[in-house]
Amino acid sequence: MLSNHYPIKQIQQIIGAGGIIVEEGNISTLLTDSRRINNASEGLFFALSGRRNGHEFAAEAYAAGVRNFVVKQQTEIKMPGANFLLVDDVLGALQALAAYHRSRFNLEVIGITGSNGKTIVKEWLYQLLASDKIIVRNPKSYNSQIGVPLSVWQISEKDDLGIFEAGISTTDEMDKLEPIIKPSIGVLTHIGTAHDEGFKDRREKVLEKLKLFRHCKLLIHNYDQLIDFKKEIPVKNCFSWSIKFKQADLYVFTETVISRNFYLRAKYKGKEIECLIPFLDEASVENAIVCWATMLALGYGPVEVDKRIERLSPVSMRLELKNGINDCSVIDDSYNSDVQSLEIALNFLNQQNQHPTRTLVLSDIFQSGLEQDVLYRQVAEMIHTKKVNKFIGVGEALTAHRDYFDLDKKCFYPDTAALLLQLNALNFDNETILIKGARSFEFERISQALSLKSHETVMEISLNALLNNLNFYRSKLKPGVKIMAMVKAFSYGSGTFEVANILQYNKVDYLAVAYIDEGIALRQAGINLPVMVLNPEVSAFDKLVEYKLEPEIFSFNLLDEFVKYCQSHNLSNYPVHLKIDTGMRRLGFEDFDIETLCDLLEENRYIKVQSVFSHFVASDAKEHDAFTQKQIKRFERAFTKIEKALGYQVIKHISNTGGIIRWPSAQYDMVRLGIGLYGIDASVPAGSNGLQPIATLKTSVSQVRKVQANDTIGYNRNGKLTKAGRIATVRIGYADGYLRAFGNGAGKMLIKGTFVPTVGNISMDTCILDVSNVEVREGDEVIVFNDKLRIEELAREIGTIPYEILTNISQRVKRVYFYE
């Protein structure tokens with residue numbers, strides 16, 4: 001019988017590692033993140049090096065119980081009782097181990113690649129085939145150089161089909177993934193612009209993707225996409241589909257919308273067949289056609305395929321974090337339930353520190369391929385490891401295995417209806433609630449019941465984009481340079497604990513807020529990072545000290561007041577941050593103050609200078625580079641004198657977002673990352689591969705009406721159309737933060753991919769758009785800004801800056817946070 005447990009000595013041989021085995025043991029779990037440790041006793045930690053050096057986190061993994069490590073040669077790590085396998089390439093070792101594991105199984109494997117649609121196609125093929133096969137697949141979109149080996153490692157003897165997707169961003173990457181996936185059937189999804197920048201041209205990208213299929217016996221693809229690559233297709237047996245070319249195996253020749261479904265007719269084997277797709281958007285239709293073609297290529301009959309595709313359900317690609325009733329936070333993952341995605345969701349739940357109680361609402365898990373006893377013991381252990389405080393199980397299987405769950409607070413219900421009847425009696429209060437269920441349980445009803453109601457204007461925040469931006473700037477820093485993340489002003493309008501939690505989890509070094517009450521809110525939400533307060537108020541020193549916040553000291557008066565406070569409260573060595581004015585002329589000690597400041601600091605036992613810092617005036621403006629150079633020189637003179645007076649070194653920082661890239665010589669010990677974290681930096685071209693806007697502001701159409709030429713529209717009769725047309729009233733106004741300056745055509749929004757201008761004045765709660773050139777119905781989604789209609793562009797239109805646009809979005813606009 002094939003086993004998923006490997007003796008550590010065997011793994012040493014498989015990956016060709018040096019080192020000495022000091023403790024025998026079996027390995028069943030591969031670990032790459034010290035924050036996500038499970039099954040530590042049988043875990044093998046790979047110290048991967050990327051934007052962060054994984055060797056720095058080996059101690060954390062060891063503290064969590066891990067005793068087996070793969071590290072780079074010549075790495076000095078000494079931990080009693082731990083095995084260290086020494087390799088030249090840690091990632092290569094991970095991939096080699098996964099490839100060996102894959103080679104031991106003869107199951108059929110579908111390999112999927114493309115620019116877009118990989119994860120959707122993978123999940124839909126799982127839905128279509130799960131009734132016939134026991135399937136192993138990537139969790140979510142684990143399709144990278146690291147994600148693929150972790151996914152393939154899940155293969156076990158019980159599985160009879162694998163569905164794995166592979167994502168690449170440059171040349172030679174598919175050579176490493178192909179032997180790990182080793183697909184027998186290939187599926188090529190849509191080829192678009194994603195990752196174009198990693199290749200010299202589109203042709204090179206397509207050829208790299210085709211490498212995944214070089215040992216396949218069958219390839220399913222869009223005939224149109226590979227029409228110029230016939231000689232390079234590495235598979236003799238292909239099944240093609242097309243909406244243009246009749247010679248394709250599946251020629252889709254007509255399409256019609258029927259009751260919010262997409263009805264397709266096609267020619268297949270000389271006969272007409274049909275398919276009803278339960279989606280309308282272009283991307284979903286194309287992905288469904290890929291699945292239609294794949295099912296036919298696998299030998300399923302057209303009628304059966306049509307029945308199954310008609311039952312396809314949307315794929316939830318991301319967790320949704322939103323405000324809940326009774327001061328709760330709700331994490332909505334109510335559309336899928338499997339062991340792998342449960343672990344991902346529990347990791348996200350574990351990041352949340354804003355409430356004392358972590359609650360999980362979970363449905364029965366279907367089609368896991370495991371015996372129920374094994375499955376629910378595994379789930380119970382995972383819940384215990386992730387420190388869930390309160391568990392609510394829904395379904396007959398969970399109820400039957402209730403004794404496996406060793407929690408003080410637990411309850412079980414046979415179905416969702418029974419839970420909804422008792423929901424109020426559960427007294428949810430000040431909890432983070434993760435809702436995770438199979439689609440058939442309709443857990444969206446639970447999410448709706450537990451979420452705060454609000455109007456339809458919503459700002460969606462992508463926590464993945466935030467993390468991408470953080471890592472982008474990390475990649476620009478010199479070794480050892482710290483990051484202070486600016487989360488003042490409600491994190492530039494983007495949230496408080498929601499943003500701070502992910503920054504803390506991803507190990508930024510400092511946070512900065514404008515006022516003491518902002519720092520208190522972070523502490524009350526469970527944030528324990530050091531927090532600098534930029535504008536401390538003397539009247540609130542008690543609260544500042546109570547919540548362990550660190551004040552910026554920018555004047556002699558403030559210094560004197562804080563030292564007096566420390567004296568009167570018997571405080572010593574309290575951390576403070578000294579602000580030097582090198583040219584902003586806003587706050588801080590000036591050149592002529594430094595000698596006096598040094599005299600006051602010498603042998604002052606009440607405070608400890610944690611950092612000395614200044615602020616660039618125009619670090620992103622080339623025309624002011626000479627002035628920036630003067631600021632740097634002034635700053636260096638100041639901190640040199642201060643450190644000499646203190647007799648110890650301090651953290652030094654002057655670079656803001658704009659200075660991190662343009663002035664690498666001025667990174668010193670720490671940089672302050674502000675609006676760049678939220679996807680905006682004048683020194684990084686918009687739309688480049690570096691930064692991603694994290695926010696999408698959207699609303700909806702409340703009414704559509706026809707108007708005649710020169711009919712006046714809105715307050716003061718300022719709006720009109722020059723010819724007869726249609727207008728739409730949408731649910732956003734200046735009370736939501738959509739500035740009045742956007743009125744009378746200065747602003748525009750996106751409806752169905754079409755830019756539409758404002759008409760007339762912006763009202764308090766609504767505004768009006770000219771929709772004469774687009775088909776619009778009441779309830780349609782309207783984009784105010786996103787990655788296509790960027791904040792920078794909106795700011796230019798009304799002569800302001802992106803900061804004002806972001807921070808002006810009012811608190812009555814619901815924030816919803818997504819994490820993929």
# chains A, B, ... in the order shown; residues from 1 in each chain; ligands from 1
call {"tool": "residues_around", "arguments": {"residues": "stretch 60-62 of chain A", "least_positions_apart": "2", "cutoff": "8 Å", "atoms": "only C-alpha atoms", "output": "ChimeraX atom specification"}}
result
/A:34-35,37,45,57-58,64-67,79
call {"tool": "write_last_selection", "arguments": {"atoms": "C-alpha atoms", "output": "mmCIF file, in the first residue's frame"}}
result
data_model
loop_
_atom_site.group_PDB
_atom_site.id
_atom_site.type_symbol
_atom_site.label_atom_id
_atom_site.label_comp_id
_atom_site.auth_asym_id
_atom_site.auth_seq_id
_atom_site.Cartn_x
_atom_site.Cartn_y
_atom_site.Cartn_z
ATOM 1 C CA SER A 34 6.158 29.561 10.331
ATOM 2 C CA ARG A 35 2.814 31.270 11.010
ATOM 3 C CA ILE A 37 2.073 25.290 11.467
ATOM 4 C CA PHE A 45 9.832 23.039 7.275
ATOM 5 C CA PHE A 57 11.739 32.067 10.836
ATOM 6 C CA ALA A 58 13.083 28.609 11.581
ATOM 7 C CA ALA A 64 5.725 25.580 17.371
ATOM 8 C CA GLY A 65 7.026 22.012 17.652
ATOM 9 C CA VAL A 66 8.684 21.420 14.266
ATOM 10 C CA ARG A 67 11.820 19.282 14.453
ATOM 11 C CA MET A 79 18.338 23.689 17.835
#
call {"tool": "residues_around", "arguments": {"residues": "A:Lys641", "least_positions_apart": "5", "cutoff": "10 Å", "atoms": "only C-alpha atoms", "output": "PyMOL selection string"}}
result
chain A and resi 594-595+597-598+636+646
call {"tool": "select_by_dssp", "arguments": {"residues": "stretch 107-218 of chain A", "states": "strand (DSSP E or B)", "output": "PDB file with C-alpha atoms, in the first residue's frame"}}
result
ATOM      1  CA  GLU A 108      -5.233  10.317 -14.256  1.00  0.00           C
ATOM      2  CA  VAL A 109      -4.247  13.993 -13.919  1.00  0.00           C
ATOM      3  CA  ILE A 110      -5.751  17.000 -15.676  1.00  0.00           C
ATOM      4  CA  GLY A 111      -3.231  19.831 -15.941  1.00  0.00           C
ATOM      5  CA  ILE A 112      -4.591  23.341 -16.486  1.00  0.00           C
ATOM      6  CA  THR A 113      -2.768  26.498 -17.486  1.00  0.00           C
ATOM      7  CA  ASN A 116      -7.081  33.677 -16.935  1.00  0.00           C
ATOM      8  CA  ILE A 135     -10.533  14.075  -6.873  1.00  0.00           C
ATOM      9  CA  VAL A 136      -7.469  15.810  -5.457  1.00  0.00           C
ATOM     10  CA  ARG A 137      -6.850  19.389  -6.584  1.00  0.00           C
ATOM     11  CA  LEU A 161      -8.248  11.831 -10.501  1.00  0.00           C
ATOM     12  CA  GLY A 162      -6.060  14.881  -9.962  1.00  0.00           C
ATOM     13  CA  ILE A 163      -6.894  18.356 -11.271  1.00  0.00           C
ATOM     14  CA  PHE A 164      -3.993  20.759 -10.897  1.00  0.00           C
ATOM     15  CA  GLU A 165      -3.478  24.244 -12.283  1.00  0.00           C
ATOM     16  CA  ILE A 185      -4.779  15.439 -20.000  1.00  0.00           C
ATOM     17  CA  GLY A 186      -4.144  19.124 -20.690  1.00  0.00           C
ATOM     18  CA  VAL A 187      -6.527  22.073 -20.642  1.00  0.00           C
ATOM     19  CA  LEU A 188      -5.488  25.481 -21.953  1.00  0.00           C
ATOM     20  CA  HIS A 190      -7.851  31.950 -22.006  1.00  0.00           C
ATOM     21  CA  LEU A 218      -4.982  14.712 -24.912  1.00  0.00           C
TER      22      LEU A 218
END
call {"tool": "residues_around", "arguments": {"residues": "A:Arg308", "least_positions_apart": "4", "cutoff": "12 Å", "atoms": "only C-alpha atoms", "output": "PyMOL selection string"}}
result
chain A and resi 124-131+275-278+288+291-292+295-296+300-304+312-313
call {"tool": "write_last_selection", "arguments": {"atoms": "N, CA and C atoms", "output": "PDB file, in the first residue's frame"}}
result
ATOM      1  N   TRP A 124     -14.763  24.194 -11.510  1.00  0.00           N
ATOM      2  CA  TRP A 124     -15.952  23.722 -12.221  1.00  0.00           C
ATOM      3  C   TRP A 124     -15.784  22.287 -12.710  1.00  0.00           C
ATOM      4  N   LEU A 125     -14.593  21.924 -13.159  1.00  0.00           N
ATOM      5  CA  LEU A 125     -14.366  20.529 -13.523  1.00  0.00           C
ATOM      6  C   LEU A 125     -14.512  19.628 -12.295  1.00  0.00           C
ATOM      7  N   TYR A 126     -14.099  20.127 -11.150  1.00  0.00           N
ATOM      8  CA  TYR A 126     -14.308  19.370  -9.909  1.00  0.00           C
ATOM      9  C   TYR A 126     -15.800  19.173  -9.660  1.00  0.00           C
ATOM     10  N   GLN A 127     -16.588  20.258  -9.804  1.00  0.00           N
ATOM     11  CA  GLN A 127     -18.040  20.128  -9.620  1.00  0.00           C
ATOM     12  C   GLN A 127     -18.635  19.131 -10.615  1.00  0.00           C
ATOM     13  N   LEU A 128     -18.176  19.162 -11.852  1.00  0.00           N
ATOM     14  CA  LEU A 128     -18.748  18.329 -12.911  1.00  0.00           C
ATOM     15  C   LEU A 128     -18.376  16.862 -12.777  1.00  0.00           C
ATOM     16  N   LEU A 129     -17.220  16.579 -12.182  1.00  0.00           N
ATOM     17  CA  LEU A 129     -16.701  15.208 -12.151  1.00  0.00           C
ATOM     18  C   LEU A 129     -16.743  14.559 -10.773  1.00  0.00           C
ATOM     19  N   ALA A 130     -17.063  15.344  -9.736  1.00  0.00           N
ATOM     20  CA  ALA A 130     -16.944  14.828  -8.360  1.00  0.00           C
ATOM     21  C   ALA A 130     -17.906  13.687  -8.074  1.00  0.00           C
ATOM     22  N   SER A 131     -19.003  13.586  -8.814  1.00  0.00           N
ATOM     23  CA  SER A 131     -19.940  12.489  -8.570  1.00  0.00           C
ATOM     24  C   SER A 131     -19.400  11.150  -9.085  1.00  0.00           C
ATOM     25  N   CYS A 275     -26.272  23.748 -24.819  1.00  0.00           N
ATOM     26  CA  CYS A 275     -25.768  23.847 -23.443  1.00  0.00           C
ATOM     27  C   CYS A 275     -26.315  25.126 -22.827  1.00  0.00           C
ATOM     28  N   LEU A 276     -26.852  25.025 -21.629  1.00  0.00           N
ATOM     29  CA  LEU A 276     -27.360  26.190 -20.898  1.00  0.00           C
ATOM     30  C   LEU A 276     -26.406  26.498 -19.762  1.00  0.00           C
ATOM     31  N   ILE A 277     -25.811  27.682 -19.820  1.00  0.00           N
ATOM     32  CA  ILE A 277     -24.809  28.094 -18.835  1.00  0.00           C
ATOM     33  C   ILE A 277     -25.452  29.064 -17.847  1.00  0.00           C
ATOM     34  N   PRO A 278     -25.372  28.804 -16.542  1.00  0.00           N
ATOM     35  CA  PRO A 278     -26.064  29.659 -15.566  1.00  0.00           C
ATOM     36  C   PRO A 278     -25.305  30.937 -15.204  1.00  0.00           C
ATOM     37  N   ALA A 288     -16.947  28.287 -19.030  1.00  0.00           N
ATOM     38  CA  ALA A 288     -17.916  27.187 -19.111  1.00  0.00           C
ATOM     39  C   ALA A 288     -17.775  26.428 -20.426  1.00  0.00           C
ATOM     40  N   CYS A 291     -15.019  24.011 -20.066  1.00  0.00           N
ATOM     41  CA  CYS A 291     -15.478  22.823 -19.329  1.00  0.00           C
ATOM     42  C   CYS A 291     -16.369  21.939 -20.201  1.00  0.00           C
ATOM     43  N   TRP A 292     -17.229  22.553 -21.011  1.00  0.00           N
ATOM     44  CA  TRP A 292     -18.083  21.813 -21.941  1.00  0.00           C
ATOM     45  C   TRP A 292     -17.221  20.971 -22.874  1.00  0.00           C
ATOM     46  N   MET A 295     -15.422  18.046 -20.950  1.00  0.00           N
ATOM     47  CA  MET A 295     -16.310  16.922 -20.627  1.00  0.00           C
ATOM     48  C   MET A 295     -16.602  16.084 -21.867  1.00  0.00           C
ATOM     49  N   LEU A 296     -16.840  16.740 -23.015  1.00  0.00           N
ATOM     50  CA  LEU A 296     -17.065  15.999 -24.257  1.00  0.00           C
ATOM     51  C   LEU A 296     -15.815  15.219 -24.653  1.00  0.00           C
ATOM     52  N   TYR A 300     -18.001  12.069 -22.143  1.00  0.00           N
ATOM     53  CA  TYR A 300     -19.348  12.238 -21.614  1.00  0.00           C
ATOM     54  C   TYR A 300     -20.297  12.630 -22.747  1.00  0.00           C
ATOM     55  N   GLY A 301     -21.552  12.143 -22.678  1.00  0.00           N
ATOM     56  CA  GLY A 301     -22.534  12.449 -23.698  1.00  0.00           C
ATOM     57  C   GLY A 301     -23.015  13.884 -23.616  1.00  0.00           C
ATOM     58  N   PRO A 302     -23.384  14.495 -24.771  1.00  0.00           N
ATOM     59  CA  PRO A 302     -23.809  15.904 -24.783  1.00  0.00           C
ATOM     60  C   PRO A 302     -24.983  16.199 -23.856  1.00  0.00           C
ATOM     61  N   VAL A 303     -25.951  15.310 -23.759  1.00  0.00           N
ATOM     62  CA  VAL A 303     -27.120  15.558 -22.907  1.00  0.00           C
ATOM     63  C   VAL A 303     -26.715  15.571 -21.438  1.00  0.00           C
ATOM     64  N   GLU A 304     -25.879  14.607 -21.041  1.00  0.00           N
ATOM     65  CA  GLU A 304     -25.417  14.549 -19.645  1.00  0.00           C
ATOM     66  C   GLU A 304     -24.577  15.775 -19.298  1.00  0.00           C
ATOM     67  N   LEU A 312     -23.961  24.145 -12.567  1.00  0.00           N
ATOM     68  CA  LEU A 312     -22.731  24.755 -12.042  1.00  0.00           C
ATOM     69  C   LEU A 312     -23.072  25.903 -11.097  1.00  0.00           C
ATOM     70  N   SER A 313     -22.285  26.024 -10.047  1.00  0.00           N
ATOM     71  CA  SER A 313     -22.488  27.124  -9.097  1.00  0.00           C
ATOM     72  C   SER A 313     -21.266  28.038  -9.106  1.00  0.00           C
TER      73      SER A 313
END
call {"tool": "residues_around", "arguments": {"residues": "A:Glu282", "least_positions_apart": "5", "cutoff": "12 Å", "atoms": "only C-alpha atoms", "output": "list of chain:residue names"}}
result
A:Gly117, A:His190, A:Glu255, A:Val257, A:Asn261, A:Phe262, A:Ile277, A:Asn287, A:Ala288, A:Ile289, A:Lys752, A:Gly753
call {"tool": "write_last_selection", "arguments": {"atoms": "all heavy atoms", "output": "JSON list (two decimals), in the first residue's frame"}}
result
[["chain", "number", "residue", "atom", "x", "y", "z"],
["A", 117, "GLY", "N", -8.72, 32.30, -15.81],
["A", 117, "GLY", "CA", -9.73, 31.25, -15.74],
["A", 117, "GLY", "C", -9.25, 29.92, -15.22],
["A", 117, "GLY", "O", -10.04, 28.97, -15.13],
["A", 190, "HIS", "N", -8.02, 30.69, -21.27],
["A", 190, "HIS", "CA", -7.85, 31.95, -22.01],
["A", 190, "HIS", "C", -6.42, 32.49, -21.88],
["A", 190, "HIS", "O", -5.84, 32.52, -20.80],
["A", 190, "HIS", "CB", -8.83, 32.99, -21.46],
["A", 190, "HIS", "CG", -8.74, 34.32, -22.14],
["A", 190, "HIS", "ND1", -9.33, 34.57, -23.36],
["A", 190, "HIS", "CD2", -8.14, 35.48, -21.79],
["A", 190, "HIS", "CE1", -9.09, 35.81, -23.72],
["A", 190, "HIS", "NE2", -8.37, 36.39, -22.79],
["A", 255, "GLU", "N", -25.63, 31.99, -29.77],
["A", 255, "GLU", "CA", -25.74, 32.24, -28.33],
["A", 255, "GLU", "C", -26.92, 33.16, -28.09],
["A", 255, "GLU", "O", -27.18, 34.10, -28.84],
["A", 255, "GLU", "CB", -24.45, 32.86, -27.79],
["A", 255, "GLU", "CG", -23.99, 34.09, -28.53],
["A", 255, "GLU", "CD", -22.62, 34.57, -28.11],
["A", 255, "GLU", "OE1", -21.72, 33.73, -27.92],
["A", 255, "GLU", "OE2", -22.47, 35.79, -27.98],
["A", 257, "VAL", "N", -29.43, 34.86, -24.66],
["A", 257, "VAL", "CA", -29.70, 35.00, -23.22],
["A", 257, "VAL", "C", -31.14, 34.58, -22.96],
["A", 257, "VAL", "O", -32.08, 35.13, -23.56],
["A", 257, "VAL", "CB", -29.46, 36.44, -22.74],
["A", 257, "VAL", "CG1", -29.84, 36.59, -21.27],
["A", 257, "VAL", "CG2", -27.99, 36.82, -22.94],
["A", 261, "ASN", "N", -29.68, 33.22, -18.14],
["A", 261, "ASN", "CA", -28.76, 32.13, -18.45],
["A", 261, "ASN", "C", -28.27, 32.33, -19.89],
["A", 261, "ASN", "O", -28.94, 32.97, -20.70],
["A", 261, "ASN", "CB", -29.45, 30.76, -18.34],
["A", 261, "ASN", "CG", -29.82, 30.43, -16.90],
["A", 261, "ASN", "OD1", -28.95, 30.18, -16.08],
["A", 261, "ASN", "ND2", -31.11, 30.44, -16.60],
["A", 262, "PHE", "N", -27.13, 31.74, -20.19],
["A", 262, "PHE", "CA", -26.56, 31.86, -21.53],
["A", 262, "PHE", "C", -26.81, 30.54, -22.26],
["A", 262, "PHE", "O", -26.31, 29.49, -21.84],
["A", 262, "PHE", "CB", -25.06, 32.16, -21.44],
["A", 262, "PHE", "CG", -24.59, 33.16, -22.44],
["A", 262, "PHE", "CD1", -24.76, 34.52, -22.21],
["A", 262, "PHE", "CD2", -23.98, 32.77, -23.62],
["A", 262, "PHE", "CE1", -24.31, 35.46, -23.12],
["A", 262, "PHE", "CE2", -23.53, 33.69, -24.54],
["A", 262, "PHE", "CZ", -23.70, 35.05, -24.29],
["A", 277, "ILE", "N", -25.81, 27.68, -19.82],
["A", 277, "ILE", "CA", -24.81, 28.09, -18.83],
["A", 277, "ILE", "C", -25.45, 29.06, -17.85],
["A", 277, "ILE", "O", -26.03, 30.08, -18.27],
["A", 277, "ILE", "CB", -23.62, 28.76, -19.54],
["A", 277, "ILE", "CG1", -22.92, 27.75, -20.46],
["A", 277, "ILE", "CG2", -22.62, 29.32, -18.53],
["A", 277, "ILE", "CD1", -21.89, 28.37, -21.37],
["A", 287, "ASN", "N", -15.16, 30.30, -19.76],
["A", 287, "ASN", "CA", -14.69, 29.23, -18.88],
["A", 287, "ASN", "C", -15.63, 28.02, -18.93],
["A", 287, "ASN", "O", -15.18, 26.87, -18.88],
["A", 287, "ASN", "CB", -14.57, 29.74, -17.44],
["A", 287, "ASN", "CG", -13.45, 30.74, -17.28],
["A", 287, "ASN", "OD1", -12.46, 30.71, -18.01],
["A", 287, "ASN", "ND2", -13.60, 31.66, -16.32],
["A", 288, "ALA", "N", -16.95, 28.29, -19.03],
["A", 288, "ALA", "CA", -17.92, 27.19, -19.11],
["A", 288, "ALA", "C", -17.77, 26.43, -20.43],
["A", 288, "ALA", "O", -17.93, 25.20, -20.46],
["A", 288, "ALA", "CB", -19.33, 27.73, -18.96],
["A", 289, "ILE", "N", -17.47, 27.14, -21.52],
["A", 289, "ILE", "CA", -17.24, 26.45, -22.80],
["A", 289, "ILE", "C", -16.02, 25.55, -22.70],
["A", 289, "ILE", "O", -16.00, 24.43, -23.23],
["A", 289, "ILE", "CB", -17.08, 27.48, -23.94],
["A", 289, "ILE", "CG1", -18.41, 28.22, -24.19],
["A", 289, "ILE", "CG2", -16.67, 26.77, -25.23],
["A", 289, "ILE", "CD1", -18.30, 29.35, -25.21],
["A", 752, "LYS", "N", -20.89, 48.51, -16.88],
["A", 752, "LYS", "CA", -20.70, 47.47, -17.90],
["A", 752, "LYS", "C", -19.50, 47.78, -18.80],
["A", 752, "LYS", "O", -19.54, 47.61, -20.02],
["A", 752, "LYS", "CB", -21.97, 47.30, -18.73],
["A", 752, "LYS", "CG", -23.15, 46.80, -17.92],
["A", 752, "LYS", "CD", -24.39, 46.61, -18.77],
["A", 752, "LYS", "CE", -25.53, 46.05, -17.93],
["A", 752, "LYS", "NZ", -26.78, 45.90, -18.72],
["A", 753, "GLY", "N", -18.43, 48.30, -18.20],
["A", 753, "GLY", "CA", -17.22, 48.56, -18.93],
["A", 753, "GLY", "C", -17.22, 49.85, -19.73],
["A", 753, "GLY", "O", -16.24, 50.16, -20.42]]
call {"tool": "closest_residue", "arguments": {"among": "A:Lys246, A:His653, A:Arg203, A:Lys410", "to": "A:Asp224", "atoms": "only C-alpha atoms"}}
result
A:Lys246
call {"tool": "residues_around", "arguments": {"residues": "A:Gly369", "least_positions_apart": "4", "cutoff": "8 Å", "atoms": "only C-alpha atoms", "output": "mmCIF file with all heavy atoms, in the first residue's frame"}}
result
data_model
loop_
_atom_site.group_PDB
_atom_site.id
_atom_site.type_symbol
_atom_site.label_atom_id
_atom_site.label_comp_id
_atom_site.auth_asym_id
_atom_site.auth_seq_id
_atom_site.Cartn_x
_atom_site.Cartn_y
_atom_site.Cartn_z
ATOM 1 N N ILE A 134 -13.001 10.328 -7.149
ATOM 2 C CA ILE A 134 -12.409 10.919 -5.948
ATOM 3 C C ILE A 134 -11.258 11.792 -6.426
ATOM 4 O O ILE A 134 -10.280 11.297 -6.992
ATOM 5 C CB ILE A 134 -11.914 9.844 -4.973
ATOM 6 C CG1 ILE A 134 -13.088 8.984 -4.487
ATOM 7 C CG2 ILE A 134 -11.204 10.492 -3.781
ATOM 8 C CD1 ILE A 134 -12.677 7.816 -3.619
ATOM 9 N N ILE A 135 -11.397 13.100 -6.205
ATOM 10 C CA ILE A 135 -10.533 14.075 -6.873
ATOM 11 C C ILE A 135 -9.655 14.803 -5.865
ATOM 12 O O ILE A 135 -10.117 15.241 -4.815
ATOM 13 C CB ILE A 135 -11.389 15.113 -7.639
ATOM 14 C CG1 ILE A 135 -12.263 14.408 -8.689
ATOM 15 C CG2 ILE A 135 -10.503 16.162 -8.318
ATOM 16 C CD1 ILE A 135 -13.273 15.320 -9.360
ATOM 17 N N LYS A 158 -6.198 6.863 -2.246
ATOM 18 C CA LYS A 158 -7.651 6.893 -2.419
ATOM 19 C C LYS A 158 -8.066 7.672 -3.669
ATOM 20 O O LYS A 158 -9.170 7.477 -4.188
ATOM 21 C CB LYS A 158 -8.320 7.522 -1.195
ATOM 22 C CG LYS A 158 -7.964 8.990 -1.012
ATOM 23 C CD LYS A 158 -8.611 9.613 0.201
ATOM 24 C CE LYS A 158 -8.095 11.023 0.453
ATOM 25 N NZ LYS A 158 -8.207 11.932 -0.699
ATOM 26 N N ASP A 159 -7.225 8.546 -4.167
ATOM 27 C CA ASP A 159 -7.599 9.424 -5.282
ATOM 28 C C ASP A 159 -7.519 8.687 -6.610
ATOM 29 O O ASP A 159 -6.599 7.909 -6.850
ATOM 30 C CB ASP A 159 -6.669 10.643 -5.330
ATOM 31 C CG ASP A 159 -6.686 11.447 -4.046
ATOM 32 O OD1 ASP A 159 -7.790 11.769 -3.569
ATOM 33 O OD2 ASP A 159 -5.595 11.736 -3.519
#
call {"tool": "atom_distance", "arguments": {"atom1": "atom CA of A:Lys200", "atom2": "atom CA of A:Leu177"}}
result
20.9 Å
call {"tool": "atom_distance", "arguments": {"atom1": "atom CA of A:Gly676", "atom2": "atom CA of A:Arg474"}}
result
11.7 Å
call {"tool": "atom_distance", "arguments": {"atom1": "atom CA of A:Ile553", "atom2": "atom CA of A:Lys579"}}
result
6.1 Å
call {"tool": "residues_around", "arguments": {"residues": "A:Phe554", "least_positions_apart": "5", "cutoff": "7 Å", "atoms": "only C-alpha atoms", "output": "tab-separated table (two decimals) with N, CA and C atoms, in the first residue's frame"}}
result
chain	number	residue	atom	x	y	z
A	578	LEU	N	11.91	61.37	18.04
A	578	LEU	CA	12.22	62.78	17.85
A	578	LEU	C	12.06	63.18	16.39
A	579	LYS	N	11.25	64.23	16.16
A	579	LYS	CA	11.01	64.71	14.80
A	579	LYS	C	11.93	65.90	14.52
A	587	LEU	N	6.29	70.51	11.55
A	587	LEU	CA	6.57	70.15	12.93
A	587	LEU	C	8.03	69.72	13.02
A	588	GLY	N	8.64	69.87	14.19
A	588	GLY	CA	9.96	69.31	14.40
A	588	GLY	C	10.99	70.31	14.90
A	589	PHE	N	12.09	69.76	15.41
A	589	PHE	CA	13.22	70.57	15.87
A	589	PHE	C	14.04	71.02	14.66
call {"tool": "residues_around", "arguments": {"residues": "stretch 478-486 of chain A", "least_positions_apart": "4", "cutoff": "6 Å", "atoms": "only C-alpha atoms", "output": "list in words"}}
result
Val508, Asp509, Tyr510, Leu511, Ala512, Asp669, Met670, Val671, Arg672, Leu673 and Gly674 of chain A
call {"tool": "write_last_selection", "arguments": {"atoms": "C-alpha atoms", "output": "compact mmCIF listing (two decimals), in the first residue's frame"}}
result
# COMPACT_ATOMS: atom_id res chain seq x y z
CA VAL A 508 5.90 44.95 9.62
CA ASP A 509 8.02 46.52 12.34
CA TYR A 510 6.02 49.60 13.34
CA LEU A 511 2.66 51.24 12.83
CA ALA A 512 2.03 54.98 12.89
CA ASP A 669 17.29 51.94 9.39
CA MET A 670 13.60 52.23 8.55
CA VAL A 671 11.20 53.64 5.94
CA ARG A 672 7.67 54.90 6.43
CA LEU A 673 5.29 53.28 3.96
CA GLY A 674 2.13 55.34 3.46
call {"tool": "closest_atom_pairs", "arguments": {"of": "stretch 427-457 of chain A", "to": "stretch 343-361 of chain A", "cutoff": "8 Å", "atoms": "only C-alpha atoms", "output": "tab-separated table"}}
result
residue	atom	partner	partner_atom	distance
A:Asn430	CA	A:His355	CA	5.6
A:Glu431	CA	A:Thr357	CA	4.8
A:Thr432	CA	A:Arg358	CA	5.0
A:Ile433	CA	A:Thr359	CA	4.7
A:Leu434	CA	A:Leu360	CA	4.8
A:Ile435	CA	A:Val361	CA	4.8
A:Lys436	CA	A:Val361	CA	6.1
A:Gly437	CA	A:Val361	CA	7.8
